[in-house]
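Containing mmCIF, C-alpha atoms: structure_27.cif.
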data_work
loop_
_atom_site.label_atom_id
_atom_site.label_comp_id
_atom_site.auth_asym_id
_atom_site.auth_seq_id
_atom_site.Cartn_x
_atom_site.Cartn_y
_atom_site.Cartn_z
CA MET L 28 -79.30 31.43 -80.26
CA THR L 29 -77.91 28.05 -79.15
CA SER L 30 -75.67 26.20 -81.58
CA SER L 31 -78.10 23.32 -82.13
CA LYS L 32 -80.86 25.81 -82.91
CA GLU L 33 -78.53 27.62 -85.28
CA GLU L 34 -77.63 24.30 -86.95
CA ASP L 35 -81.32 23.45 -87.30
CA ARG L 36 -81.96 26.83 -88.84
CA GLN L 37 -79.12 26.36 -91.34
CA ILE L 38 -80.45 22.94 -92.31
CA GLU L 39 -83.95 24.34 -92.75
CA VAL L 40 -82.66 27.22 -94.87
CA GLN L 41 -80.89 24.67 -97.07
CA LEU L 42 -84.06 22.61 -97.33
CA LEU L 43 -86.02 25.69 -98.39
CA THR L 44 -83.35 26.60 -100.94
CA ARG L 45 -83.60 23.12 -102.43
CA THR L 46 -87.40 23.28 -102.29
CA ALA L 47 -87.25 26.56 -104.22
CA ALA L 48 -85.30 24.68 -106.89
CA GLY L 49 -88.08 22.08 -107.12
CA ASP L 50 -86.48 19.36 -104.96
CA GLU L 51 -89.41 17.25 -103.70
CA SER L 52 -87.29 15.29 -101.20
CA ALA L 53 -86.22 18.54 -99.52
CA PHE L 54 -89.86 19.58 -99.36
CA ALA L 55 -90.74 16.23 -97.77
CA ALA L 56 -87.97 16.74 -95.18
CA LEU L 57 -89.34 20.20 -94.39
CA TYR L 58 -92.78 18.67 -93.96
CA ASP L 59 -91.36 16.11 -91.51
CA ARG L 60 -89.73 18.87 -89.48
CA PHE L 61 -92.53 21.41 -89.43
CA ALA L 62 -95.82 19.57 -89.89
CA PRO L 63 -96.22 18.08 -86.38
CA GLY L 64 -95.92 21.48 -84.65
CA LEU L 65 -97.88 23.32 -87.30
CA PHE L 66 -100.70 20.76 -87.22
CA SER L 67 -101.08 21.20 -83.44
CA MET L 68 -101.18 24.94 -83.94
CA MET L 69 -103.80 24.61 -86.69
CA VAL L 70 -105.98 22.37 -84.50
CA LYS L 71 -105.80 24.96 -81.72
CA MET L 72 -106.73 27.73 -84.14
CA MET L 73 -109.46 25.92 -86.09
CA ARG L 74 -110.77 23.73 -83.20
CA ASP L 75 -111.52 21.11 -85.83
CA GLU L 76 -109.04 18.45 -86.96
CA LYS L 77 -110.46 18.08 -90.46
CA GLU L 78 -110.24 21.80 -91.10
CA ALA L 79 -106.75 21.81 -89.60
CA GLU L 80 -105.76 19.14 -92.15
CA ASP L 81 -107.16 21.24 -95.00
CA VAL L 82 -105.29 24.34 -93.83
CA LEU L 83 -102.07 22.37 -93.40
CA GLN L 84 -102.35 21.04 -96.93
CA GLU L 85 -103.09 24.47 -98.41
CA GLY L 86 -100.27 26.00 -96.38
CA PHE L 87 -97.68 23.46 -97.48
CA SER L 88 -98.75 23.91 -101.10
CA GLN L 89 -98.02 27.60 -100.66
CA ILE L 90 -94.67 26.85 -99.03
CA TRP L 91 -93.81 24.78 -102.09
CA ARG L 92 -94.89 27.46 -104.55
CA ARG L 93 -93.38 30.40 -102.66
CA ALA L 94 -90.17 28.89 -101.29
CA ALA L 95 -88.17 31.16 -103.61
CA SER L 96 -89.54 34.27 -101.94
CA TYR L 97 -88.25 33.28 -98.50
CA ASP L 98 -85.68 35.78 -97.18
CA PRO L 99 -83.35 34.24 -94.55
CA GLU L 100 -82.36 37.71 -93.33
CA ARG L 101 -85.93 38.53 -92.31
CA SER L 102 -87.02 35.38 -90.46
CA SER L 103 -86.27 31.78 -89.66
CA PRO L 104 -87.85 29.17 -91.97
CA PHE L 105 -90.13 28.04 -89.14
CA THR L 106 -91.40 31.59 -88.53
CA TRP L 107 -91.97 32.01 -92.25
CA ALA L 108 -93.97 28.76 -92.37
CA VAL L 109 -95.97 29.67 -89.23
CA MET L 110 -96.99 32.98 -90.77
CA ILE L 111 -98.07 31.35 -94.04
CA LEU L 112 -100.22 28.78 -92.29
CA ARG L 113 -101.59 31.27 -89.79
CA ASN L 114 -102.72 33.56 -92.61
CA LYS L 115 -104.50 30.62 -94.25
CA ALA L 116 -106.18 29.75 -90.95
CA ILE L 117 -107.23 33.36 -90.34
CA ASP L 118 -108.80 33.52 -93.81
CA ARG L 119 -110.90 30.49 -92.94
CA LEU L 120 -111.73 31.72 -89.45
CA ARG L 121 -112.99 35.00 -90.89
CA VAL L 122 -115.15 33.17 -93.42
CA ARG L 123 -116.44 31.04 -90.56
CA GLN L 124 -117.23 34.14 -88.49
CA ARG L 125 -119.10 35.63 -91.44
CA ILE L 126 -121.04 32.41 -92.01
CA GLU L 127 -121.86 32.14 -88.33
CA ARG L 128 -123.11 35.72 -88.24
CA THR L 129 -125.36 34.86 -91.17
CA LEU L 130 -126.41 31.66 -89.41
CA GLU L 131 -127.39 33.64 -86.33
CA LYS L 132 -129.55 35.94 -88.47
CA ALA L 133 -131.06 32.94 -90.26
CA THR L 134 -131.73 31.23 -86.93
CA VAL L 135 -133.69 34.23 -85.68
CA GLU L 136 -135.58 34.46 -88.96
CA PHE L 137 -136.46 30.82 -89.55
CA ALA L 138 -136.44 28.91 -86.29
CA HIS L 139 -135.86 29.02 -82.60
CA PHE L 140 -132.59 27.46 -81.50
CA PRO L 141 -131.43 27.22 -77.92
CA GLU L 142 -127.75 27.99 -77.41
CA SER L 143 -125.33 25.08 -77.51
CA ASP L 144 -121.97 24.99 -75.74
CA ASP L 145 -118.70 24.65 -77.63
CA ALA L 146 -116.60 21.69 -76.61
CA SER L 147 -113.37 22.81 -74.97
CA SER L 148 -110.15 20.99 -75.62
CA GLY L 149 -108.42 19.24 -72.74
CA GLU L 150 -104.88 19.72 -71.56
CA ALA L 151 -102.35 17.38 -73.11
CA GLU L 152 -98.68 16.73 -72.66
CA ARG L 153 -96.66 19.30 -74.57
CA ARG L 154 -93.50 19.04 -76.60
CA ASP L 155 -90.02 19.98 -75.42
CA GLU L 156 -89.73 22.86 -77.88
CA GLY L 157 -92.74 24.39 -76.21
CA ALA L 158 -91.10 24.51 -72.77
CA GLN L 159 -89.36 27.83 -73.37
CA VAL L 160 -92.47 29.42 -74.81
CA ARG L 161 -94.62 28.14 -71.95
CA THR L 162 -92.11 29.48 -69.45
CA ALA L 163 -92.14 32.80 -71.27
CA LEU L 164 -95.93 32.88 -71.36
CA ALA L 165 -96.03 32.12 -67.63
CA GLN L 166 -94.12 35.34 -67.03
CA ILE L 167 -96.64 37.47 -68.89
CA PRO L 168 -99.52 38.93 -66.86
CA GLU L 169 -102.72 36.95 -67.44
CA GLU L 170 -104.64 39.75 -69.14
CA GLN L 171 -101.78 40.32 -71.62
CA LYS L 172 -101.47 36.59 -72.28
CA GLN L 173 -105.23 36.31 -72.88
CA ALA L 174 -105.17 39.15 -75.43
CA VAL L 175 -102.08 37.77 -77.20
CA GLU L 176 -103.59 34.28 -77.42
CA LEU L 177 -106.92 35.58 -78.74
CA ALA L 178 -105.00 37.45 -81.44
CA PHE L 179 -102.55 34.67 -82.32
CA PHE L 180 -104.65 31.52 -82.02
CA GLY L 181 -108.12 33.04 -82.33
CA GLY L 182 -107.18 35.14 -85.35
CA LEU L 183 -109.18 38.03 -83.88
CA THR L 184 -108.36 41.62 -84.73
CA HIS L 185 -107.60 44.04 -81.92
CA GLU L 186 -111.07 45.56 -82.39
CA GLN L 187 -112.75 42.15 -82.10
CA ILE L 188 -110.77 41.36 -78.94
CA ALA L 189 -111.78 44.71 -77.43
CA GLU L 190 -115.40 43.91 -78.23
CA GLN L 191 -115.20 40.35 -76.90
CA LEU L 192 -113.54 41.40 -73.65
CA THR L 193 -115.59 44.61 -73.39
CA THR L 194 -112.38 46.54 -72.87
CA PRO L 195 -111.29 49.79 -74.56
CA LEU L 196 -109.34 49.29 -77.79
CA GLY L 197 -106.40 51.33 -76.48
CA THR L 198 -106.10 49.01 -73.49
CA ILE L 199 -106.13 45.94 -75.74
CA LYS L 200 -103.45 47.45 -77.98
CA ALA L 201 -101.27 48.16 -74.95
CA ARG L 202 -101.81 44.65 -73.52
CA ILE L 203 -100.85 43.00 -76.79
CA ARG L 204 -97.84 45.26 -77.31
CA ARG L 205 -96.57 44.68 -73.77
CA GLY L 206 -97.28 40.96 -73.98
CA LEU L 207 -95.37 40.53 -77.23
CA LEU L 208 -92.47 42.67 -76.03
CA LYS L 209 -92.24 40.65 -72.84
CA LEU L 210 -92.37 37.42 -74.85
CA ARG L 211 -89.57 38.71 -77.09
CA GLU L 212 -87.49 39.70 -74.06
CA VAL L 213 -87.91 36.39 -72.24
CA LEU L 214 -87.22 34.30 -75.36
CA LYS L 215 -84.10 36.39 -76.06
CA GLU L 216 -82.82 35.81 -72.53
CA ALA L 217 -83.50 32.09 -72.80
CA ALA L 218 -81.60 31.91 -76.10
CA MET B 25 -86.23 54.65 -80.82
CA ILE B 26 -89.61 53.32 -81.94
CA ASP B 27 -92.50 55.03 -80.22
CA GLU B 28 -95.44 53.15 -78.71
CA THR B 29 -97.82 54.03 -81.53
CA LYS B 30 -95.44 52.46 -84.03
CA GLN B 31 -94.96 49.46 -81.74
CA ASP B 32 -98.74 49.01 -81.60
CA LEU B 33 -98.92 49.14 -85.39
CA ALA B 34 -96.03 46.67 -85.62
CA ALA B 35 -97.85 44.26 -83.29
CA GLU B 36 -101.05 44.57 -85.32
CA TYR B 37 -99.12 44.08 -88.54
CA VAL B 38 -97.34 40.95 -87.29
CA LEU B 39 -100.60 39.47 -86.00
CA GLY B 40 -102.45 40.23 -89.24
CA SER B 41 -104.89 42.60 -87.51
CA LEU B 42 -104.43 45.54 -89.87
CA ASP B 43 -106.82 45.87 -92.78
CA VAL B 44 -105.39 45.75 -96.28
CA ARG B 45 -105.09 49.52 -96.64
CA ASP B 46 -103.32 50.06 -93.29
CA ALA B 47 -101.09 47.02 -93.84
CA GLY B 48 -100.03 48.44 -97.23
CA ALA B 49 -99.24 51.82 -95.68
CA PHE B 50 -97.26 50.15 -92.91
CA GLU B 51 -95.32 48.08 -95.44
CA ALA B 52 -94.37 51.29 -97.24
CA GLU B 53 -93.05 52.63 -93.91
CA LEU B 54 -91.12 49.44 -93.34
CA GLN B 55 -89.35 49.83 -96.67
CA ALA B 56 -88.06 53.21 -95.59
CA ASP B 57 -87.19 52.49 -91.96
CA ALA B 58 -84.52 49.89 -91.23
CA GLU B 59 -84.94 50.16 -87.46
CA LEU B 60 -88.67 49.55 -87.69
CA ARG B 61 -88.05 46.66 -90.09
CA ALA B 62 -85.63 45.04 -87.66
CA PHE B 63 -88.14 45.53 -84.82
CA VAL B 64 -90.92 43.90 -86.85
CA ASP B 65 -88.66 40.97 -87.80
CA GLU B 66 -87.81 40.34 -84.13
CA LEU B 67 -91.42 40.67 -83.07
CA ARG B 68 -92.51 38.26 -85.80
CA GLU B 69 -89.92 35.73 -84.68
CA SER B 70 -91.04 35.71 -81.04
CA THR B 71 -94.73 35.79 -82.03
CA ALA B 72 -94.31 32.75 -84.27
CA ALA B 73 -92.73 30.90 -81.33
CA LEU B 74 -96.22 30.88 -79.79
CA ALA B 75 -96.96 28.04 -82.20
CA HIS B 76 -94.99 25.79 -79.81
CA ALA B 77 -97.47 26.55 -77.05
CA ALA B 78 -100.29 24.63 -78.80
CA PRO B 79 -101.09 21.28 -77.12
CA PRO B 80 -99.63 18.51 -79.31
CA VAL B 81 -102.10 16.69 -81.54
CA PRO B 82 -100.94 13.58 -83.44
CA LEU B 83 -100.45 14.28 -87.12
CA PRO B 84 -102.62 11.98 -89.30
CA PRO B 85 -100.09 9.69 -91.08
CA ALA B 86 -102.01 9.76 -94.38
CA LEU B 87 -101.72 13.54 -94.58
CA ARG B 88 -98.04 13.43 -95.54
CA GLU B 89 -98.69 11.59 -98.79
CA LYS B 90 -101.67 13.84 -99.53
CA VAL B 91 -99.53 16.96 -99.14
CA LEU B 92 -96.62 15.56 -101.16
CA ALA B 93 -98.97 14.34 -103.91
CA SER B 94 -100.58 17.78 -104.15
CA VAL B 95 -97.30 19.44 -105.16
CA ARG B 96 -95.87 16.57 -107.20
CA GLY B 97 -95.20 17.79 -110.69
CA GLU B 98 -96.33 21.32 -109.83
CA ALA B 99 -93.77 23.92 -110.84
CA VAL B 100 -92.34 26.15 -108.13
CA ALA B 101 -92.63 29.93 -108.56
CA ALA B 102 -90.10 31.48 -110.90
CA THR B 103 -88.99 34.13 -108.40
CA ALA B 104 -85.24 34.46 -107.95
CA PRO B 105 -84.15 32.39 -104.96
CA PHE B 106 -84.09 34.35 -101.71
CA ALA B 107 -84.93 37.70 -103.25
CA ARG B 108 -83.95 40.34 -100.75
CA PRO B 109 -85.45 43.77 -100.12
CA GLN B 110 -83.83 46.63 -102.00
CA PRO B 111 -80.59 47.65 -100.22
CA GLN B 112 -80.72 50.88 -98.26
CA ALA B 113 -78.40 53.78 -99.16
CA SER B 114 -74.84 52.96 -98.12
CA ALA B 115 -72.67 55.21 -95.96
CA GLY B 116 -70.27 56.28 -98.72
CA PHE B 117 -69.00 55.48 -102.19
CA GLY B 118 -65.29 55.04 -101.27
CA PHE B 119 -63.17 55.01 -104.39
CA MET B 120 -65.99 55.64 -106.85
CA PRO B 121 -65.73 58.88 -108.82
CA TRP B 122 -68.14 61.56 -107.65
CA ALA B 123 -69.71 61.84 -111.08
CA ILE B 124 -70.73 58.19 -111.05
CA ALA B 125 -71.89 58.56 -107.49
CA ALA B 126 -74.04 61.56 -108.40
CA GLY B 127 -75.46 59.70 -111.41
CA LEU B 128 -76.30 56.75 -109.24
CA ALA B 129 -77.87 58.99 -106.65
CA ILE B 130 -80.12 60.59 -109.29
CA THR B 131 -81.06 57.18 -110.65
CA ALA B 132 -81.73 55.93 -107.13
CA ALA B 133 -83.88 58.97 -106.40
CA ALA B 134 -85.84 58.43 -109.61
CA LEU B 135 -86.27 54.74 -108.76
CA TRP B 136 -87.29 55.63 -105.23
CA MET B 137 -89.91 58.06 -106.51
CA GLU B 138 -91.17 55.52 -109.01
CA ARG B 139 -91.32 52.90 -106.29
CA THR B 140 -93.10 55.24 -103.87
CA GLN B 141 -95.64 55.98 -106.60
CA LEU B 142 -96.04 52.28 -107.29
CA GLN B 143 -96.51 51.60 -103.59
CA LYS B 144 -99.19 54.30 -103.42
CA GLU B 145 -100.94 52.80 -106.40
CA LEU B 146 -100.67 49.37 -104.84
CA ILE B 147 -102.16 50.60 -101.55
CA SER B 148 -104.98 52.31 -103.45
CA ALA B 149 -105.66 49.18 -105.53
CA ARG B 150 -105.68 47.05 -102.39
CA GLY B 151 -108.16 49.44 -100.78
CA GLU B 152 -110.44 49.26 -103.79
CA ALA B 153 -110.23 45.47 -103.81
CA LEU B 154 -111.12 45.41 -100.12
CA GLU B 155 -114.14 47.65 -100.68
CA LEU B 156 -115.32 45.46 -103.54
CA ARG B 157 -114.83 42.38 -101.40
CA ASN B 158 -116.79 43.92 -98.53
CA ARG B 159 -119.59 44.98 -100.91
CA ASP B 160 -119.91 41.45 -102.25
CA GLU B 161 -119.28 39.88 -98.86
CA PHE B 162 -122.67 38.28 -98.57
CA ALA B 163 -123.40 37.86 -102.26
CA GLN B 164 -122.30 34.24 -102.44
CA ILE B 165 -123.80 33.10 -99.13
CA LYS B 166 -126.82 30.85 -99.32
CA ILE B 167 -129.17 30.00 -96.45
CA ALA B 168 -131.02 26.69 -96.72
CA THR B 169 -133.81 25.69 -94.36
CA LEU B 170 -134.27 21.94 -94.53
CA THR B 171 -137.65 20.24 -94.24
CA ALA B 172 -138.22 17.14 -92.12
CA GLN B 173 -139.05 14.08 -94.20
CA ASN B 174 -140.92 12.15 -91.51
CA ASP B 175 -142.90 12.78 -88.33
CA ALA B 176 -140.08 11.82 -85.96
CA PHE B 177 -138.19 14.93 -87.10
CA ALA B 178 -141.18 17.26 -87.53
CA LYS B 179 -140.32 19.19 -84.36
CA GLY B 180 -136.69 19.54 -85.34
CA SER B 181 -135.04 22.38 -87.20
CA ALA B 182 -132.14 22.27 -89.63
CA ILE B 183 -130.46 25.26 -91.24
CA VAL B 184 -127.43 25.29 -93.53
CA VAL B 185 -125.44 28.43 -94.33
CA TRP B 186 -123.25 27.90 -97.38
CA ASP B 187 -120.50 30.08 -98.86
CA ALA B 188 -120.13 28.83 -102.43
CA GLU B 189 -117.00 30.85 -103.13
CA LYS B 190 -115.11 29.56 -100.11
CA GLN B 191 -116.73 26.12 -100.33
CA GLN B 192 -117.41 26.24 -96.60
CA GLY B 193 -120.60 26.06 -94.59
CA VAL B 194 -122.15 25.58 -91.20
CA VAL B 195 -125.07 23.32 -90.34
CA LYS B 196 -127.13 23.92 -87.24
CA LEU B 197 -129.67 21.42 -85.93
CA ALA B 198 -132.05 21.58 -82.98
CA GLY B 199 -134.71 19.30 -81.53
CA ILE B 200 -133.21 16.25 -83.24
CA PRO B 201 -133.43 12.80 -81.59
CA ARG B 202 -130.16 10.98 -80.95
CA PRO B 203 -129.35 8.63 -83.86
CA PRO B 204 -129.86 4.88 -83.25
CA GLU B 205 -126.90 2.89 -81.83
CA GLY B 206 -124.21 2.41 -84.52
CA LYS B 207 -125.57 5.28 -86.65
CA ASP B 208 -124.69 8.92 -87.35
CA TYR B 209 -126.41 11.77 -89.11
CA GLN B 210 -124.58 12.67 -92.30
CA LEU B 211 -124.88 15.85 -94.35
CA TRP B 212 -124.93 15.70 -98.16
CA VAL B 213 -124.75 18.33 -100.84
CA LEU B 214 -126.92 17.52 -103.87
CA ASP B 215 -125.07 19.23 -106.69
CA PRO B 216 -126.82 18.99 -110.10
CA LYS B 217 -123.35 19.04 -111.67
CA SER B 218 -122.18 16.00 -109.69
CA PRO B 219 -123.37 12.51 -110.58
CA ALA B 220 -123.83 11.56 -106.91
CA PRO B 221 -124.48 13.35 -103.59
CA VAL B 222 -121.29 14.82 -102.13
CA SER B 223 -120.58 14.05 -98.49
CA ALA B 224 -120.11 17.02 -96.18
CA GLY B 225 -119.35 14.83 -93.17
CA VAL B 226 -121.17 13.52 -90.13
CA VAL B 227 -123.11 15.81 -87.81
CA PRO B 228 -122.71 14.74 -84.18
CA ILE B 229 -125.76 15.52 -82.04
CA GLY B 230 -125.32 16.53 -78.41
CA THR B 231 -127.39 15.01 -75.62
CA ASP B 232 -129.49 18.18 -75.78
CA GLY B 233 -130.46 17.43 -79.42
CA LEU B 234 -128.33 20.29 -80.73
CA ALA B 235 -125.56 20.40 -83.31
CA ARG B 236 -123.53 23.14 -84.90
CA VAL B 237 -120.85 21.94 -87.28
CA SER B 238 -118.61 23.65 -89.84
CA PHE B 239 -118.14 21.64 -93.00
CA THR B 240 -116.24 21.52 -96.27
CA PRO B 241 -117.69 19.06 -98.83
CA GLU B 242 -115.42 16.26 -100.00
CA GLN B 243 -115.63 17.53 -103.58
CA LYS B 244 -115.95 20.99 -105.06
CA ILE B 245 -119.61 22.04 -105.43
CA ARG B 246 -119.93 23.59 -108.87
CA SER B 247 -123.61 24.44 -109.11
CA ALA B 248 -125.27 27.38 -107.37
CA ASP B 249 -128.54 25.47 -107.52
CA ASN B 250 -127.55 22.83 -104.99
CA LYS B 251 -129.67 21.26 -102.24
CA PHE B 252 -128.70 19.84 -98.85
CA ALA B 253 -129.88 16.62 -97.25
CA ILE B 254 -129.29 14.80 -93.98
CA SER B 255 -129.53 11.04 -93.80
CA VAL B 256 -128.97 8.39 -91.15
CA GLU B 257 -125.83 6.40 -91.96
CA ARG B 258 -123.44 4.01 -90.27
CA THR B 259 -121.17 5.45 -87.55
CA GLY B 260 -118.46 7.63 -89.07
CA GLY B 261 -120.42 8.18 -92.28
CA ALA B 262 -120.82 6.40 -95.59
CA PRO B 263 -119.22 7.15 -98.98
CA ALA B 264 -122.69 7.30 -100.58
CA PRO B 265 -126.11 7.75 -98.98
CA ALA B 266 -127.66 4.40 -98.08
CA GLY B 267 -129.88 5.19 -95.10
CA PRO B 268 -133.17 7.11 -94.81
CA ILE B 269 -133.15 10.83 -95.61
CA VAL B 270 -134.54 12.79 -92.67
CA PHE B 271 -134.12 16.38 -93.88
CA VAL B 272 -133.82 17.96 -97.30
CA GLY B 273 -134.01 21.51 -98.66
CA ASN B 274 -132.42 24.34 -100.56
#
Written form, structure tokens:
Amino acid sequence: MTSSKEEDRQIEVQLLTRTAAGDESAFAALYDRFAPGLFSMMVKMMRDEKEAEDVLQEGFSQIWRRAASYDPERSSPFTWAVMILRNKAIDRLRVRQRIERTLEKATVEFAHFPESDDASSGEAERRDEGAQVRTALAQIPEEQKQAVELAFFGGLTHEQIAEQLTTPLGTIKARIRRGLLKLREVLKEAA
Amino acid sequence: MIDETKQDLAAEYVLGSLDVRDAGAFEAELQADAELRAFVDELRESTAALAHAAPPVPLPPALREKVLASVRGEAVAATAPFARPQPQASAGFGFMPWAIAAGLAITAAALWMERTQLQKELISARGEALELRNRDEFAQIKIATLTAQNDAFAKGSAIVVWDAEKQQGVVKLAGIPRPPEGKDYQLWVLDPKSPAPVSAGVVPIGTDGLARVSFTPEQKIRSADNKFAISVERTGGAPAPAGPIVFVGN
């Protein structure tokens, strides 16, 4: 880990410690550090800015309430925050999937709807912190990257990915495992 | 050395792919296996770094105050700061008398057994909760087919699927004419327990006359006996319905 990254981590641990003690200014400073990146991630996951805002708000409320349970020996503060928000997003995505399945059934039952295309998001300039991750992702074979991204950003289970890609579950498990291990290896080397 | 099956499980655990029962069982394994725990921690760290790969989207400036206001005055959890997992057995007791060491070992064994039992009970309870949740999965979902209120929309279709518990829904429209210049279609929830219709946002129509939009109403919907309506409002939506209602139903 580079020294500036280590310094950042120490600062963020301190901010979480103070947040756990009820310090609202520390919580605001954490928001300023984490929210821009987390919001982009939420938009990518939810594909809807309003829903991304809702998830971000719910996630930060949980960070506030659960700051005392953070263990600095198990993860960095950023990783801890990512996992909290990602879990919130996945909860919503699964509700959305359930509603959409019901909608499909209702559509068949009550009316005839032609299929509509989802809007796809365009490429945009990315942040500096993302450079390492993008470089790492570029070194992962495409099929592994696709499976990892469907799991991480799409919130899909391994079974759902296997179904979506019409690929055996064992193959999907292996792709995700290899993809994550490669990502870990490349990020370690870069650090 | 962690075998591939365990690595697969670790990846599924980190990504949140395991169901509640399997995740509970894996957590119990983690408690007992320091090497696996370290592997999972590393994997979680590199997985979370994927967040940086999302294309940057500007953060709405007003959101900061909304988030800070939501926690203002709210007490933080009373958990001890930075609670750590239970320490694993140490390599030796050094200067401690053997009798104390033996006593501690017995106590530790008893605690371990108690904890293992508790973990089993927890896993079982989680499994039961999951089954209950799955059984009731569709209980709170409502399907509303909306009826056109004038001839211009008679060939159109509008369906709303609403999950009252999660306060989320999806509206799907087809065969709907494009709104007039400077106007949008807006979805409303008519909640008998609210004094006024609650906005659920605008519904943009594609050039093909189709729309499929997820929504969360601006206020909590408290009644199960609610209706939905779509009206024509100014671009971006209105705080209260002012334009003609084109669809309504429950």
Excluding Phe271 in chain B and residues on its chain fewer than 3 positions from it, collect all residues at most 10 Å away from it, counting all atoms listed in the file, and give them as a tab-separated table (two decimals) with C-alpha atoms, keeping the file's coordinate frame.
chain	number	residue	atom	x	y	z
B	169	THR	CA	-133.81	25.69	-94.36
B	170	LEU	CA	-134.27	21.94	-94.53
B	171	THR	CA	-137.65	20.24	-94.24
B	172	ALA	CA	-138.22	17.14	-92.12
B	173	GLN	CA	-139.05	14.08	-94.20
B	174	ASN	CA	-140.92	12.15	-91.51
B	177	PHE	CA	-138.19	14.93	-87.10
B	178	ALA	CA	-141.18	17.26	-87.53
B	180	GLY	CA	-136.69	19.54	-85.34
B	181	SER	CA	-135.04	22.38	-87.20
B	182	ALA	CA	-132.14	22.27	-89.63
B	183	ILE	CA	-130.46	25.26	-91.24
B	211	LEU	CA	-124.88	15.85	-94.35
B	252	PHE	CA	-128.70	19.84	-98.85
B	253	ALA	CA	-129.88	16.62	-97.25
B	254	ILE	CA	-129.29	14.80	-93.98
B	255	SER	CA	-129.53	11.04	-93.80
B	256	VAL	CA	-128.97	8.39	-91.15
B	268	PRO	CA	-133.17	7.11	-94.81
Compile a residue-level contact table for chain L against chain B at a cut-off of 6 Å, reporting for every qualifying residue the shortest atom pair and its distance in Å to one decimal, with only C-alpha atoms counted, rows ordered by chain and ascending number, as CSV.
residue,atom,partner,partner_atom,distance
L:Gly49,CA,B:Val100,CA,6.0
L:Pro63,CA,B:Leu83,CA,5.7
L:Ser67,CA,B:Val81,CA,5.0
L:Met68,CA,B:Ala78,CA,5.2
L:Gln84,CA,B:Val91,CA,5.4
L:Arg92,CA,B:Val100,CA,4.6
L:Arg93,CA,B:Ala101,CA,6.0
L:Ala95,CA,B:Pro105,CA,4.4
L:Ser96,CA,B:Phe106,CA,5.5
L:Tyr97,CA,B:Phe106,CA,5.4
L:Asp98,CA,B:Phe106,CA,5.0
L:Arg101,CA,B:Asp65,CA,5.8
L:Thr106,CA,B:Ala72,CA,5.3
L:Leu130,CA,B:Val185,CA,6.0
L:Ala151,CA,B:Pro79,CA,5.7
L:Arg153,CA,B:Pro79,CA,5.5
L:Gly157,CA,B:His76,CA,4.5
L:Thr184,CA,B:Ser41,CA,4.6
L:Arg204,CA,B:Asp32,CA,5.8
L:Arg211,CA,B:Ser70,CA,5.2
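Here CA of Phe61 in chain L stands at a distance of 11.9 Å from CA of Leu43 in chain L.
Nearest residue to Asp35 in chain L among L:Pro104, L:Lys172, L:Glu85, L:Met73 is L:Pro104, counting all atoms listed in the file.
Of the listed residues L:Lys209, L:Lys115, L:Lys215, L:Arg202, the one whose atoms come nearest to Gly182 in chain L is L:Lys115, with distances taken using only C-alpha atoms.
The environment of range 187-197 of chain L within 8 Å, counting only C-alpha atoms and disregarding residues fewer than 5 places along the same chain, consists of L:Ala174, L:Leu177, L:Ala178.
Picked out by the PyMOL selection byres ((chain L and resi 216) around 12) when it runs on this file: Met28, Thr29, Gln159, Val160, Thr162, Ala163, Lys209, Leu210, Arg211, Glu212, Val213, Leu214, Lys215, Ala217 and Ala218 of chain L; Ser70 of chain B.
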Next, write the just-selected residues to a file, as an mmCIF file, in the frame of the given file, keeping C-alpha atoms as the atom set.
data_model
loop_
_atom_site.group_PDB
_atom_site.id
_atom_site.type_symbol
_atom_site.label_atom_id
_atom_site.label_comp_id
_atom_site.auth_asym_id
_atom_site.auth_seq_id
_atom_site.Cartn_x
_atom_site.Cartn_y
_atom_site.Cartn_z
ATOM 1 C CA MET L 28 -79.300 31.430 -80.260
ATOM 2 C CA THR L 29 -77.910 28.050 -79.150
ATOM 3 C CA GLN L 159 -89.360 27.830 -73.370
ATOM 4 C CA VAL L 160 -92.470 29.420 -74.810
ATOM 5 C CA THR L 162 -92.110 29.480 -69.450
ATOM 6 C CA ALA L 163 -92.140 32.800 -71.270
ATOM 7 C CA LYS L 209 -92.240 40.650 -72.840
ATOM 8 C CA LEU L 210 -92.370 37.420 -74.850
ATOM 9 C CA ARG L 211 -89.570 38.710 -77.090
ATOM 10 C CA GLU L 212 -87.490 39.700 -74.060
ATOM 11 C CA VAL L 213 -87.910 36.390 -72.240
ATOM 12 C CA LEU L 214 -87.220 34.300 -75.360
ATOM 13 C CA LYS L 215 -84.100 36.390 -76.060
ATOM 14 C CA ALA L 217 -83.500 32.090 -72.800
ATOM 15 C CA ALA L 218 -81.600 31.910 -76.100
ATOM 16 C CA SER B 70 -91.040 35.710 -81.040
#
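A search radius of 9 Å centred on (-117.5, 14.8, -94.7), applied to only C-alpha atoms, returns the residues Lys77 of chain L; Gln210, Leu211, Trp212, Val222, Ser223, Ala224, Gly225, Val226, Val227, Phe239, Thr240, Pro241, Glu242, Gly261 and Pro263 of chain B.
When the distance limit is 6 Å and all atoms listed in the file are what count, the residues near Glu257 in chain B, minus those fewer than 3 positions from it on the same chain, are Lys207, Asp208, Gly261 and Gly267 of chain B.
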### Task
Given the file shown, enumerate the residues that the PyMOL selection byres ((chain L and resi 86) around 9) captures and present them as a count of residues only.
17
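Closest approach to Pro85 in chain B from the set L:Gln166, L:Asp59, L:Ala79, L:Val175 is made by L:Asp59, with distances taken over only C-alpha atoms.
Note that the spacing between CA of Pro168 in chain L and CA of Arg205 in chain L amounts to 9.5 Å.
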Can you spit out range 199-203 of chain B with C-alpha atoms, as a compact mmCIF listing (two decimals), in the first residue's frame, from the structure just given?
# COMPACT_ATOMS: atom_id res chain seq x y z
CA GLY B 199 -49.77 2.72 -27.09
CA ILE B 200 -49.60 6.14 -25.45
CA PRO B 201 -49.31 9.31 -27.58
CA ARG B 202 -46.34 11.57 -26.91
CA PRO B 203 -47.29 14.32 -24.42
